[in-house]
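Shown here: model.csv, CSV, C-alpha atoms and all ligand atoms.
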chain,number,residue,atom,x,y,z
A,227,MET,CA,15.1,16.4,12.6
A,228,SER,CA,13.5,13.0,13.0
A,229,LYS,CA,14.7,10.6,10.3
A,230,ILE,CA,12.4,7.9,9.0
A,231,LEU,CA,13.6,4.7,7.3
A,232,VAL,CA,11.1,3.9,4.4
A,233,THR,CA,11.6,0.5,3.0
A,234,GLY,CA,10.2,0.1,-0.5
A,235,GLY,CA,10.4,3.9,-0.8
A,236,THR,CA,10.7,3.9,-4.6
A,237,GLY,CA,7.5,1.9,-4.9
A,238,PHE,CA,4.0,3.1,-5.5
A,239,ILE,CA,2.8,3.9,-2.0
A,240,GLY,CA,6.3,4.2,-0.6
A,241,SER,CA,7.3,7.1,-2.9
A,242,HIS,CA,4.1,9.0,-2.3
A,243,THR,CA,4.7,8.6,1.5
A,244,VAL,CA,8.3,9.8,1.2
A,245,VAL,CA,6.9,13.0,-0.4
A,246,GLU,CA,4.4,13.6,2.4
A,247,LEU,CA,7.0,12.8,5.1
A,248,GLN,CA,9.4,15.3,3.6
A,249,GLU,CA,6.7,17.9,3.2
A,250,ALA,CA,5.9,17.4,6.9
A,251,GLY,CA,9.5,18.1,7.8
A,252,TYR,CA,10.8,14.6,8.4
A,253,GLY,CA,14.2,13.4,7.1
A,254,VAL,CA,13.9,10.2,5.0
A,255,ILE,CA,16.2,7.4,4.1
A,256,ILE,CA,14.9,4.9,1.5
A,257,VAL,CA,16.0,1.3,1.2
A,258,ASP,CA,14.8,-0.5,-1.9
A,259,ASN,CA,16.2,-3.3,-4.1
A,260,LEU,CA,14.4,-1.9,-7.2
A,261,SER,CA,12.9,-5.3,-7.9
A,262,ASN,CA,9.6,-3.6,-8.8
A,263,SER,CA,10.5,0.1,-9.1
A,264,LYS,CA,13.0,2.5,-10.6
A,265,ALA,CA,15.9,4.6,-9.1
A,266,GLU,CA,14.6,7.6,-11.1
A,267,THR,CA,11.8,7.8,-8.6
A,268,VAL,CA,14.3,9.3,-6.2
A,269,ASP,CA,14.9,12.1,-8.7
A,270,ASN,CA,11.2,12.7,-9.1
A,271,ILE,CA,10.6,12.8,-5.4
A,272,GLU,CA,13.4,15.5,-5.3
A,273,LYS,CA,11.7,17.4,-8.1
A,274,ILE,CA,8.4,17.5,-6.1
A,275,THR,CA,9.8,18.4,-2.7
A,276,GLY,CA,13.1,20.0,-3.5
A,277,VAL,CA,14.8,17.6,-1.0
A,278,ARG,CA,16.6,14.5,-2.1
A,279,PRO,CA,16.0,11.6,0.2
A,280,GLU,CA,18.9,9.4,1.1
A,281,PHE,CA,18.8,6.1,-0.8
A,282,GLU,CA,20.4,2.7,-0.3
A,283,ASN,CA,19.9,-0.2,-2.8
A,284,PHE,CA,20.0,-3.6,-1.1
A,285,ASP,CA,17.8,-6.6,-0.4
A,286,LEU,CA,16.0,-6.5,2.9
A,287,SER,CA,15.7,-10.3,3.0
A,288,ASP,CA,19.5,-10.4,3.4
A,289,ARG,CA,19.8,-10.5,7.2
A,290,GLY,CA,23.5,-9.4,7.2
A,291,ALA,CA,22.8,-6.4,5.0
A,292,VAL,CA,19.9,-5.3,7.1
A,293,LEU,CA,21.9,-5.6,10.4
A,294,ASN,CA,24.8,-3.8,8.8
A,295,PHE,CA,22.5,-1.0,7.7
A,296,PHE,CA,21.0,-0.5,11.2
A,297,LEU,CA,24.5,-0.5,12.8
A,298,ARG,CA,25.8,2.1,10.3
A,299,HIS,CA,22.8,4.3,11.1
A,300,LYS,CA,22.7,3.7,14.8
A,301,GLY,CA,21.2,6.7,16.7
A,302,GLU,CA,20.0,8.4,13.5
A,303,ILE,CA,16.7,6.6,12.8
A,304,ASN,CA,13.5,7.4,14.9
A,305,ALA,CA,11.0,5.2,13.1
A,306,VAL,CA,10.6,2.7,10.2
A,307,ILE,CA,7.8,2.5,7.7
A,308,HIS,CA,7.9,-0.9,6.1
A,309,PHE,CA,6.5,-1.2,2.6
A,310,ALA,CA,9.0,-3.4,0.9
A,311,ALA,CA,7.3,-6.7,-0.2
A,312,PHE,CA,6.3,-8.7,-3.2
A,313,LYS,CA,2.6,-7.9,-3.8
A,314,ALA,CA,1.2,-9.6,-6.9
A,315,VAL,CA,-1.7,-11.7,-5.6
A,316,GLY,CA,-1.8,-14.1,-8.6
A,317,GLU,CA,2.0,-14.5,-8.8
A,318,SER,CA,2.1,-15.4,-5.1
A,319,VAL,CA,-0.1,-18.5,-5.7
A,320,HIS,CA,2.5,-19.8,-8.1
A,321,LYS,CA,5.6,-18.7,-6.1
A,322,PRO,CA,4.6,-19.2,-2.4
A,323,LEU,CA,8.1,-19.8,-1.1
A,324,GLU,CA,9.5,-16.7,-2.8
A,325,TYR,CA,6.7,-14.7,-1.2
A,326,TYR,CA,7.1,-16.1,2.3
A,327,ARG,CA,10.9,-15.9,2.1
A,328,ASN,CA,10.9,-12.3,0.9
A,329,ASN,CA,8.0,-10.8,2.7
A,330,VAL,CA,8.4,-12.5,6.1
A,331,ASN,CA,12.2,-12.6,6.3
A,332,SER,CA,12.4,-9.0,5.4
A,333,LEU,CA,10.1,-8.0,8.2
A,334,MET,CA,12.0,-10.2,10.7
A,335,ASN,CA,15.3,-8.7,9.7
A,336,ILE,CA,14.0,-5.2,10.2
A,337,LEU,CA,12.5,-6.0,13.7
A,338,GLU,CA,15.9,-7.5,14.7
A,339,GLY,CA,17.8,-4.5,13.4
A,340,MET,CA,15.4,-2.2,15.3
A,341,LYS,CA,15.8,-4.2,18.5
A,342,TYR,CA,19.6,-4.2,18.4
A,343,THR,CA,20.0,-0.5,17.6
A,344,GLY,CA,17.2,1.0,19.7
A,345,VAL,CA,14.8,2.0,16.9
A,346,ALA,CA,11.5,2.1,18.7
A,347,ASN,CA,8.7,2.8,16.2
A,348,LEU,CA,7.4,0.8,13.2
A,349,VAL,CA,4.5,1.5,10.9
A,350,PHE,CA,3.6,-1.6,8.8
A,351,SER,CA,1.9,-1.7,5.4
A,352,SER,CA,-0.9,-4.2,5.9
A,353,SER,CA,-4.0,-4.8,3.8
A,354,CYS,CA,-7.7,-5.3,4.0
A,355,THR,CA,-7.0,-8.7,2.4
A,356,VAL,CA,-6.5,-10.0,6.0
A,357,TYR,CA,-10.3,-9.8,6.3
A,358,GLY,CA,-11.0,-12.1,3.3
A,359,GLN,CA,-14.7,-11.9,2.4
A,360,PRO,CA,-16.2,-10.3,5.6
A,361,ASP,CA,-19.6,-11.6,6.8
A,362,LYS,CA,-20.7,-8.1,7.8
A,363,LEU,CA,-20.0,-4.8,6.2
A,364,PRO,CA,-18.6,-2.2,6.6
A,365,VAL,CA,-15.4,-3.7,8.1
A,366,THR,CA,-14.2,-2.5,11.5
A,367,GLU,CA,-10.9,-3.3,13.2
A,368,GLY,CA,-12.9,-5.7,15.3
A,369,THR,CA,-14.0,-7.7,12.2
A,370,PRO,CA,-12.4,-11.1,12.5
A,371,ARG,CA,-9.5,-11.8,10.1
A,372,LYS,CA,-10.1,-14.7,7.8
A,373,PRO,CA,-7.7,-17.1,5.9
A,374,ALA,CA,-6.3,-15.1,3.1
A,375,GLU,CA,-7.1,-15.9,-0.5
A,376,SER,CA,-3.4,-16.0,-1.5
A,377,PRO,CA,0.1,-16.5,-0.1
A,378,TYR,CA,0.5,-12.7,-0.6
A,379,GLY,CA,-2.4,-12.0,1.6
A,380,ASN,CA,-1.3,-14.5,4.1
A,381,THR,CA,2.1,-12.8,4.4
A,382,LYS,CA,0.2,-9.7,5.6
A,383,THR,CA,-1.6,-11.7,8.2
A,384,VAL,CA,1.5,-13.6,9.4
A,385,ASN,CA,3.5,-10.3,9.5
A,386,GLU,CA,0.8,-8.6,11.6
A,387,ASP,CA,1.1,-11.5,14.1
A,388,ILE,CA,4.9,-11.4,14.1
A,389,ILE,CA,4.8,-7.7,14.9
A,390,ARG,CA,2.1,-8.3,17.6
A,391,ASP,CA,4.1,-11.0,19.3
A,392,PHE,CA,7.4,-9.2,19.0
A,393,CYS,CA,6.0,-6.0,20.5
A,394,HIS,CA,4.4,-8.1,23.3
A,395,GLU,CA,7.9,-9.2,24.2
A,396,GLU,CA,9.8,-6.1,23.3
A,397,LYS,CA,7.8,-3.5,25.3
A,398,GLN,CA,10.2,-0.7,24.1
A,399,ILE,CA,9.0,-1.2,20.5
A,400,ASN,CA,5.8,0.3,19.2
A,401,GLY,CA,4.1,-1.3,16.2
A,402,LEU,CA,1.2,0.1,14.2
A,403,ALA,CA,-0.3,-1.6,11.2
A,404,LEU,CA,-2.3,0.3,8.5
A,405,ARG,CA,-4.8,-2.0,6.7
A,406,TYR,CA,-5.1,-0.4,3.3
A,407,PHE,CA,-8.2,-1.0,1.2
A,408,ASN,CA,-7.6,-0.5,-2.5
A,409,PRO,CA,-4.8,2.1,-3.2
A,410,ILE,CA,-5.2,4.0,-6.5
A,411,GLY,CA,-4.3,7.2,-8.2
A,412,ALA,CA,-1.1,9.2,-8.6
A,413,HIS,CA,0.6,12.4,-7.3
A,414,PRO,CA,-1.1,15.6,-8.8
A,415,SER,CA,2.3,16.6,-10.2
A,416,SER,CA,2.3,13.4,-12.4
A,417,LEU,CA,5.9,13.0,-11.5
A,418,ILE,CA,5.2,9.8,-9.5
A,419,GLY,CA,2.5,7.1,-9.7
A,420,GLU,CA,1.8,3.4,-10.1
A,421,SER,CA,4.1,1.6,-12.6
A,422,PRO,CA,3.2,-2.0,-12.7
A,423,VAL,CA,5.7,-4.2,-14.5
A,424,GLY,CA,4.1,-6.1,-17.4
A,425,ILE,CA,0.3,-6.6,-17.7
A,426,PRO,CA,-1.3,-4.9,-14.7
A,427,ASN,CA,-3.1,-7.1,-12.2
A,428,ASN,CA,-4.9,-4.2,-10.6
A,429,LEU,CA,-8.0,-2.5,-12.0
A,430,VAL,CA,-7.0,1.2,-12.3
A,431,PRO,CA,-3.6,0.8,-14.0
A,432,TYR,CA,-5.4,-1.6,-16.5
A,433,ILE,CA,-8.0,1.1,-17.1
A,434,THR,CA,-5.4,3.9,-17.7
A,435,GLN,CA,-3.4,1.6,-20.0
A,436,THR,CA,-6.5,0.8,-21.9
A,437,ALA,CA,-7.4,4.5,-22.2
A,438,ALA,CA,-3.8,5.1,-23.4
A,439,GLY,CA,-4.3,2.5,-26.1
A,440,LEU,CA,-1.8,0.0,-24.7
A,441,ARG,CA,-4.5,-2.5,-24.0
A,442,LYS,CA,-7.3,-3.3,-26.5
A,443,GLU,CA,-10.1,-3.3,-23.9
A,444,LEU,CA,-10.7,-3.8,-20.2
A,445,SER,CA,-11.9,-7.3,-19.1
A,446,ILE,CA,-14.4,-7.0,-16.3
A,447,PHE,CA,-14.1,-10.2,-14.3
A,448,GLY,CA,-17.7,-11.1,-13.8
A,449,ASP,CA,-21.0,-9.3,-13.5
A,450,ASP,CA,-23.0,-12.0,-11.8
A,451,TYR,CA,-22.0,-11.2,-8.2
A,452,ASP,CA,-24.5,-10.3,-5.4
A,453,THR,CA,-24.1,-6.6,-5.9
A,454,PRO,CA,-26.5,-3.9,-7.3
A,455,ASP,CA,-24.9,-4.0,-10.8
A,456,GLY,CA,-23.4,-7.5,-10.5
A,457,THR,CA,-19.7,-6.4,-10.4
A,458,PRO,CA,-17.6,-6.6,-7.3
A,459,ILE,CA,-17.3,-3.7,-4.8
A,460,ARG,CA,-14.1,-2.3,-3.3
A,461,ASP,CA,-13.1,0.7,-1.2
A,462,TYR,CA,-10.7,2.7,-3.5
A,463,ILE,CA,-8.4,5.0,-1.5
A,464,ASP,CA,-6.4,7.8,-3.1
A,465,VAL,CA,-2.7,7.2,-2.7
A,466,VAL,CA,-2.0,10.7,-1.4
A,467,ASP,CA,-4.7,10.4,1.2
A,468,LEU,CA,-3.2,7.0,2.1
A,469,SER,CA,0.3,8.4,2.3
A,470,LYS,CA,-0.8,11.1,4.7
A,471,ALA,CA,-2.2,8.4,7.0
A,472,HIS,CA,1.4,7.2,7.3
A,473,VAL,CA,2.6,10.6,8.4
A,474,VAL,CA,-0.2,10.8,11.0
A,475,ALA,CA,0.7,7.3,12.2
A,476,ILE,CA,4.4,8.2,12.6
A,477,LYS,CA,3.5,11.4,14.4
A,478,ARG,CA,1.3,9.4,16.8
A,479,LEU,CA,4.2,7.0,17.7
A,480,LEU,CA,6.9,9.7,17.9
A,481,GLU,CA,4.7,11.8,20.2
A,482,GLY,CA,3.8,8.7,22.3
A,483,LYS,CA,0.1,9.1,21.6
A,484,ASN,CA,-0.4,5.4,20.9
A,485,LYS,CA,-2.7,3.6,23.4
A,486,SER,CA,-0.8,0.3,23.2
A,487,ASN,CA,2.4,-0.8,21.6
A,488,TYR,CA,0.6,-2.7,18.9
A,489,GLU,CA,-2.3,-1.0,17.1
A,490,TYR,CA,-4.0,-1.4,13.7
A,491,PHE,CA,-6.3,0.8,11.7
A,492,ASN,CA,-8.4,0.5,8.6
A,493,ILE,CA,-7.4,3.1,6.0
A,494,GLY,CA,-10.1,3.5,3.4
A,495,THR,CA,-12.8,6.0,2.3
A,496,GLY,CA,-15.7,4.2,3.9
A,497,LYS,CA,-17.4,4.1,0.5
A,498,GLY,CA,-17.7,1.1,-1.7
A,499,LEU,CA,-17.7,1.4,-5.5
A,500,SER,CA,-18.4,-1.4,-8.1
A,501,VAL,CA,-16.1,-2.0,-11.1
A,502,LEU,CA,-18.7,-0.5,-13.4
A,503,GLU,CA,-19.2,2.5,-11.2
A,504,LEU,CA,-15.4,3.1,-11.3
A,505,VAL,CA,-15.4,2.7,-15.1
A,506,ASN,CA,-18.2,5.3,-15.3
A,507,ALA,CA,-16.4,7.6,-12.8
A,508,PHE,CA,-13.3,7.4,-15.0
A,509,LYS,CA,-15.3,8.5,-18.0
A,510,LYS,CA,-16.9,11.4,-16.0
A,511,ALA,CA,-13.4,12.5,-14.8
A,512,THR,CA,-11.5,12.2,-18.0
A,513,GLY,CA,-14.0,12.1,-20.9
A,514,VAL,CA,-12.5,8.8,-22.0
A,515,ALA,CA,-15.1,6.1,-22.6
A,516,LEU,CA,-13.4,2.7,-22.0
A,517,PRO,CA,-13.8,-0.3,-24.3
A,518,TYR,CA,-14.6,-3.2,-22.0
A,519,LYS,CA,-16.1,-6.7,-22.1
A,520,ILE,CA,-17.6,-8.8,-19.3
A,521,VAL,CA,-15.7,-12.1,-18.9
A,522,GLY,CA,-15.6,-14.9,-16.3
A,523,ARG,CA,-14.9,-14.3,-12.6
A,524,ARG,CA,-11.2,-14.1,-11.5
A,525,ALA,CA,-10.2,-16.9,-9.0
A,526,GLY,CA,-9.7,-15.5,-5.5
A,527,ASP,CA,-11.8,-12.4,-5.9
A,528,ILE,CA,-14.1,-11.5,-3.0
A,529,VAL,CA,-17.5,-10.0,-3.7
A,530,LYS,CA,-17.5,-6.8,-1.7
A,531,ILE,CA,-15.6,-5.0,1.0
A,532,TRP,CA,-15.4,-1.4,2.3
A,533,ALA,CA,-14.1,0.1,5.5
A,534,ASP,CA,-15.7,1.5,8.6
A,535,THR,CA,-13.1,4.3,9.1
A,536,THR,CA,-14.4,5.6,12.5
A,537,LEU,CA,-11.2,4.5,14.4
A,538,ALA,CA,-8.8,6.2,12.0
A,539,ASN,CA,-11.0,9.3,11.9
A,540,THR,CA,-11.3,9.6,15.6
A,541,GLU,CA,-8.0,8.1,17.0
A,542,LEU,CA,-5.6,9.1,14.2
A,543,GLY,CA,-7.5,12.2,13.2
A,544,TRP,CA,-7.2,11.1,9.6
A,545,LYS,CA,-9.9,11.1,6.9
A,546,ALA,CA,-9.8,10.5,3.1
A,547,GLU,CA,-10.4,13.7,1.3
A,548,VAL,CA,-9.6,13.4,-2.4
A,549,PRO,CA,-12.8,12.9,-4.5
A,550,ILE,CA,-12.7,9.7,-6.7
A,551,GLU,CA,-12.9,11.7,-9.9
A,552,GLN,CA,-9.8,13.7,-9.0
A,553,THR,CA,-8.0,10.5,-8.1
A,554,LEU,CA,-8.9,8.9,-11.4
A,555,LEU,CA,-7.9,12.1,-13.3
A,556,ASN,CA,-4.5,12.1,-11.5
A,557,ALA,CA,-4.0,8.4,-12.5
A,558,TRP,CA,-4.9,9.3,-16.1
A,559,ASN,CA,-2.5,12.3,-16.2
A,560,TRP,CA,0.3,10.1,-14.8
A,561,GLU,CA,-0.4,7.5,-17.5
A,562,LYS,CA,-0.4,10.1,-20.2
A,563,ARG,CA,2.9,11.5,-19.0
A,564,CYS,CA,4.5,8.0,-18.9
A,565,ARG,CA,3.4,7.4,-22.5
A,566,GLY,CA,4.2,10.9,-23.8
A,567,ILE,CA,0.5,11.5,-24.5
A,568,LYS,CA,-0.5,15.2,-24.5
B,601,LIG,C1,-10.3,-4.8,-8.0
B,601,LIG,C2,-11.6,-5.2,-8.7
B,601,LIG,C3,-11.4,-7.3,-9.9
B,601,LIG,C4,-8.6,-6.0,-12.9
B,601,LIG,C5,-5.6,-6.5,-4.6
B,601,LIG,C6,-5.0,-7.1,-3.3
B,601,LIG,C7,-4.9,-6.0,-2.3
B,601,LIG,C8,-4.1,-4.8,-2.9
B,601,LIG,C9,-4.9,-4.3,-4.1
B,601,LIG,C10,-1.7,-4.8,-2.8
B,601,LIG,C11,-11.8,-6.7,-8.6
B,601,LIG,C12,-11.7,-6.2,-10.8
B,601,LIG,C13,-9.4,-6.0,-11.8
B,601,LIG,C14,-9.1,-6.2,-14.2
B,601,LIG,C15,-11.3,-6.4,-13.3
B,601,LIG,N1,-2.8,-5.2,-3.3
B,601,LIG,N2,-10.8,-6.2,-12.0
B,601,LIG,N3,-10.5,-6.4,-14.4
B,601,LIG,O1,-8.0,-7.7,-6.0
B,601,LIG,O2,-9.4,-5.9,-4.8
B,601,LIG,O3,-7.0,-6.2,-4.3
B,601,LIG,O4,-5.0,-5.4,-5.0
B,601,LIG,O5,-1.5,-4.0,-1.9
B,601,LIG,O6,-4.1,-6.5,-1.2
B,601,LIG,O7,-5.8,-8.1,-2.8
B,601,LIG,O8,-7.6,-5.2,-6.5
B,601,LIG,O9,-7.5,-3.9,-8.5
B,601,LIG,O10,-6.9,-6.4,-8.7
B,601,LIG,O11,-9.3,-5.7,-8.4
B,601,LIG,O12,-12.5,-6.5,-13.4
B,601,LIG,O13,-8.4,-6.2,-15.3
B,601,LIG,O14,-11.4,-5.0,-10.1
B,601,LIG,O15,-12.2,-8.5,-10.2
B,601,LIG,O16,-13.2,-6.9,-8.4
B,601,LIG,P1,-8.1,-6.4,-5.4
B,601,LIG,P2,-7.7,-5.3,-8.1

Would you kindly transcribe this structure into structure tokens?
Amino acid sequence: MSKILVTGGTGFIGSHTVVELQEAGYGVIIVDNLSNSKAETVDNIEKITGVRPEFENFDLSDRGAVLNFFLRHKGEINAVIHFAAFKAVGESVHKPLEYYRNNVNSLMNILEGMKYTGVANLVFSSSCTVYGQPDKLPVTEGTPRKPAESPYGNTKTVNEDIIRDFCHEEKQINGLALRYFNPIGAHPSSLIGESPVGIPNNLVPYITQTAAGLRKELSIFGDDYDTPDGTPIRDYIDVVDLSKAHVVAIKRLLEGKNKSNYEYFNIGTGKGLSVLELVNAFKKATGVALPYKIVGRRAGDIVKIWADTTLANTELGWKAEVPIEQTLLNAWNWEKRCRGIK
């Protein structure tokens, strides 16, 4: 059985990807330092799939620990999916060194470990944030990247370049970056989902916490943008659909179907939704009318972005399938389970 190392595998997208990998018949070993997730996620993954993934808890920015891990598992691991990173956009502005040290050193340690122990395949968790505010929409993989709005976003751009340059030199290693648009939702079992620490930065967890009564109301950051209803537009991708894209990417590399040893793909729905449209979709899906107020714009926000998913659809054979209302209902069911709400 092929065994996949999933770094950050107790996190939001990582845990959902572990479930999909196991259900596709892959063995999984998770490495996570639990800085932004919980060990009980491993139990919940096992409840969903009936298979307990291996789990090691250490910091991937520790070069010695990473090399030691790869040497201990030499010959066992067929591919790596690298999720582990700090990811709070706002926090990264105030803690740039922590973000660069953690996000960039972790990746370099993994690449080094792969090189020295013969692990040939890497799928990297990238982000549409590398495009900044695109001049033309929808965004294709040929859309030029732009300076990121935050150190967090720049670590994605820098890490893509590190993988590109490393694979250019190390021809035996295949890199594949998935540029996520906005991941939202939760597993239909409600056993795993998004668990932001503290006040959520992202829209959907803020919505579900407001619906659960944890937050007084949703603040909508600006309705004076150049969009039909004045609120910003994003391409919200269901987390299970997104996780399946990682399985397809792993299969592509393990079967040698990749066209070059560094590729990248947009992973979105191809449809843009405004903040107000998403709030209305939440009401339609759950029956919960959200209290909200319009406030000032949030620094660093772009106006609109959505993906052209042609390449992922044709080359990867992957397409987003979950309807937005189902995604939002899954997110709401997860929130209710977390808060003990019937
Ligand atoms: C979406 C829209 C806000 C909260 C970021 C990262 C991206 C990825 C996803 C990690 C925006 C509005 C939000 C709120 C609001 N991160 N909003 N009130 O900023 O598009 O993307 O998170 O992988 O890399 O860049 O996502 O969910 O924060 O915001 O009005 O309380 O919702 O202004 O228009 P964003 P978001």

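Comparing A:Arg405, A:Tyr490, A:Lys510, A:Ser376 by their smallest distance to Asp527 in chain A, the closest is A:Ser376 (using only C-alpha atoms).
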
* Using only C-alpha atoms and all ligand atoms, determine which residues fall within 6 Å of ligand LIG 601 (chain B), then list them as an NGL selection string. => :A and (313 or 353 or 355 or 408 or 427-429 or 432 or 444-447 or 458 or 501 or 524 or 527)

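Within 12 Å of the point (12.7, -6.0, -6.6), and counting all atoms listed in the file, the protein, DNA and RNA residues are Thr233, Gly234, Gly235, Thr236, Gly237, Val257, Asp258, Asn259, Leu260, Ser261, Asn262, Ser263, Lys264, Ala265, Asn283, Phe284, Asp285, Leu286, Ser287, Ala310, Ala311, Phe312, Lys313, Glu324, Tyr325, Asn328, Asn329, Pro422 and Val423 of chain A.
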
* Asked: Taking into account all atoms listed in the file, which residue in the set A:Val430, A:Ile528, A:Ala546, A:Leu555 is nearest to Leu502 in chain A?
  -> A:Val430

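For the set A:Arg523, A:Val465, A:Lys545, A:Ala438, the residue with the smallest atom-to-atom gap to Arg565 in chain A is A:Ala438, counting all atoms listed in the file.
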
* Between A:Arg478, A:Lys485, A:Lys470, A:His413, single out the one closest to Glu561 in chain A, counting all atoms listed in the file. =>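 Using all atoms listed in the file, Glu561 in chain A sits closest to A:His413.
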
* **Nearest residue to Val384 in chain A from the set A:Gly344, A:Ile410, A:Gly401, A:Val330 (distances using all atoms listed in the file)** =>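 Among the listed residues, the smallest separation from Val384 in chain A belongs to A:Val330.
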
* **For range 357-365 of chain A: contacts at 8 Å, all atoms listed in the file, fewer than 4 positions along chain excluded, given as number ranges by chain** => A: 369-375, 496, 528-534

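You can rank A:Leu404, A:Ala525, A:Leu231, A:Ile550 by their closest distance to Val474 in chain A using all atoms listed in the file, and at the top of that list sits A:Leu404.
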
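Straight-line separation from CA of Thr457 in chain A to CA of Lys562 in chain A: 27.2 Å.
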
* To do: Please identify all polymer residues within 8 Å of Leu499 in chain A, counting all atoms listed in the file, omitting same-chain residues fewer than 3 positions from it, and present them as number ranges by chain.
  => A: 459-462, 503-504

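The space between CA of Asn492 in chain A and CA of Pro409 in chain A spans 12.4 Å.
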
Any chance you could work out the axis-aligned box around range 509-515 of chain A, listed atoms only, 4 Å on each side, giving centre and edge lengths in Å to one decimal, as lines of an AutoDock Vina configuration file?
center_x = -14.2
center_y = 9.3
center_z = -18.7
size_x = 13.4
size_y = 14.4
size_z = 15.8

* Separation of CA of Asp391 in chain A from CA of Leu337 in chain A, in Å and rounded to one decimal -> 11.3 Å

* Spatial neighbours of Arg289 in chain A, max dist 10 Å, all atoms listed in the file, sep filter under 4 positions, as a list in words ->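 Those residues are Asp285, Leu293, Asn294, Phe295, Asn331, Ser332, Met334, Asn335, Ile336, Glu338 and Gly339 of chain A.
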
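Residues surrounding Leu516 in chain A within 8 Å are Ile433, Thr436, Ala437, Glu443, Leu444, Val505 and Lys509 of chain A [only C-alpha atoms; sequence separation below 6 positions excluded].
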
Place N, CA and C atoms on range 323-338 of chain A and deliver the coordinates as a PDB file, in the coordinates of the input.
ATOM      1  N   LEU A 323       6.919 -19.894  -1.917  1.00  0.00           N
ATOM      2  CA  LEU A 323       8.100 -19.800  -1.100  1.00  0.00           C
ATOM      3  C   LEU A 323       8.849 -18.480  -1.294  1.00  0.00           C
ATOM      4  N   GLU A 324       8.882 -17.994  -2.551  1.00  0.00           N
ATOM      5  CA  GLU A 324       9.500 -16.700  -2.800  1.00  0.00           C
ATOM      6  C   GLU A 324       8.803 -15.606  -1.982  1.00  0.00           C
ATOM      7  N   TYR A 325       7.457 -15.707  -1.955  1.00  0.00           N
ATOM      8  CA  TYR A 325       6.700 -14.700  -1.200  1.00  0.00           C
ATOM      9  C   TYR A 325       6.904 -14.754   0.270  1.00  0.00           C
ATOM     10  N   TYR A 326       6.864 -15.978   0.833  1.00  0.00           N
ATOM     11  CA  TYR A 326       7.100 -16.100   2.300  1.00  0.00           C
ATOM     12  C   TYR A 326       8.504 -15.701   2.641  1.00  0.00           C
ATOM     13  N   ARG A 327       9.464 -16.190   1.811  1.00  0.00           N
ATOM     14  CA  ARG A 327      10.900 -15.900   2.100  1.00  0.00           C
ATOM     15  C   ARG A 327      11.109 -14.387   2.086  1.00  0.00           C
ATOM     16  N   ASN A 328      10.648 -13.745   1.042  1.00  0.00           N
ATOM     17  CA  ASN A 328      10.900 -12.300   0.900  1.00  0.00           C
ATOM     18  C   ASN A 328      10.111 -11.489   1.921  1.00  0.00           C
ATOM     19  N   ASN A 329       8.813 -11.693   1.947  1.00  0.00           N
ATOM     20  CA  ASN A 329       8.000 -10.800   2.700  1.00  0.00           C
ATOM     21  C   ASN A 329       8.115 -11.004   4.239  1.00  0.00           C
ATOM     22  N   VAL A 330       8.291 -12.254   4.642  1.00  0.00           N
ATOM     23  CA  VAL A 330       8.400 -12.500   6.100  1.00  0.00           C
ATOM     24  C   VAL A 330       9.801 -12.323   6.600  1.00  0.00           C
ATOM     25  N   ASN A 331      10.792 -12.840   5.862  1.00  0.00           N
ATOM     26  CA  ASN A 331      12.200 -12.600   6.300  1.00  0.00           C
ATOM     27  C   ASN A 331      12.558 -11.161   6.365  1.00  0.00           C
ATOM     28  N   SER A 332      12.112 -10.400   5.371  1.00  0.00           N
ATOM     29  CA  SER A 332      12.400  -9.000   5.400  1.00  0.00           C
ATOM     30  C   SER A 332      11.938  -8.300   6.644  1.00  0.00           C
ATOM     31  N   LEU A 333      10.691  -8.606   7.000  1.00  0.00           N
ATOM     32  CA  LEU A 333      10.100  -8.000   8.200  1.00  0.00           C
ATOM     33  C   LEU A 333      10.939  -8.420   9.447  1.00  0.00           C
ATOM     34  N   MET A 334      11.254  -9.704   9.538  1.00  0.00           N
ATOM     35  CA  MET A 334      12.000 -10.200  10.700  1.00  0.00           C
ATOM     36  C   MET A 334      13.350  -9.554  10.837  1.00  0.00           C
ATOM     37  N   ASN A 335      13.988  -9.369   9.678  1.00  0.00           N
ATOM     38  CA  ASN A 335      15.300  -8.700   9.700  1.00  0.00           C
ATOM     39  C   ASN A 335      15.209  -7.290  10.201  1.00  0.00           C
ATOM     40  N   ILE A 336      14.162  -6.611   9.797  1.00  0.00           N
ATOM     41  CA  ILE A 336      14.000  -5.200  10.200  1.00  0.00           C
ATOM     42  C   ILE A 336      13.689  -5.144  11.730  1.00  0.00           C
ATOM     43  N   LEU A 337      12.843  -6.038  12.214  1.00  0.00           N
ATOM     44  CA  LEU A 337      12.500  -6.000  13.700  1.00  0.00           C
ATOM     45  C   LEU A 337      13.796  -6.302  14.465  1.00  0.00           C
ATOM     46  N   GLU A 338      14.612  -7.218  13.976  1.00  0.00           N
ATOM     47  CA  GLU A 338      15.900  -7.500  14.700  1.00  0.00           C
ATOM     48  C   GLU A 338      16.822  -6.347  14.675  1.00  0.00           C
TER      49      GLU A 338
END
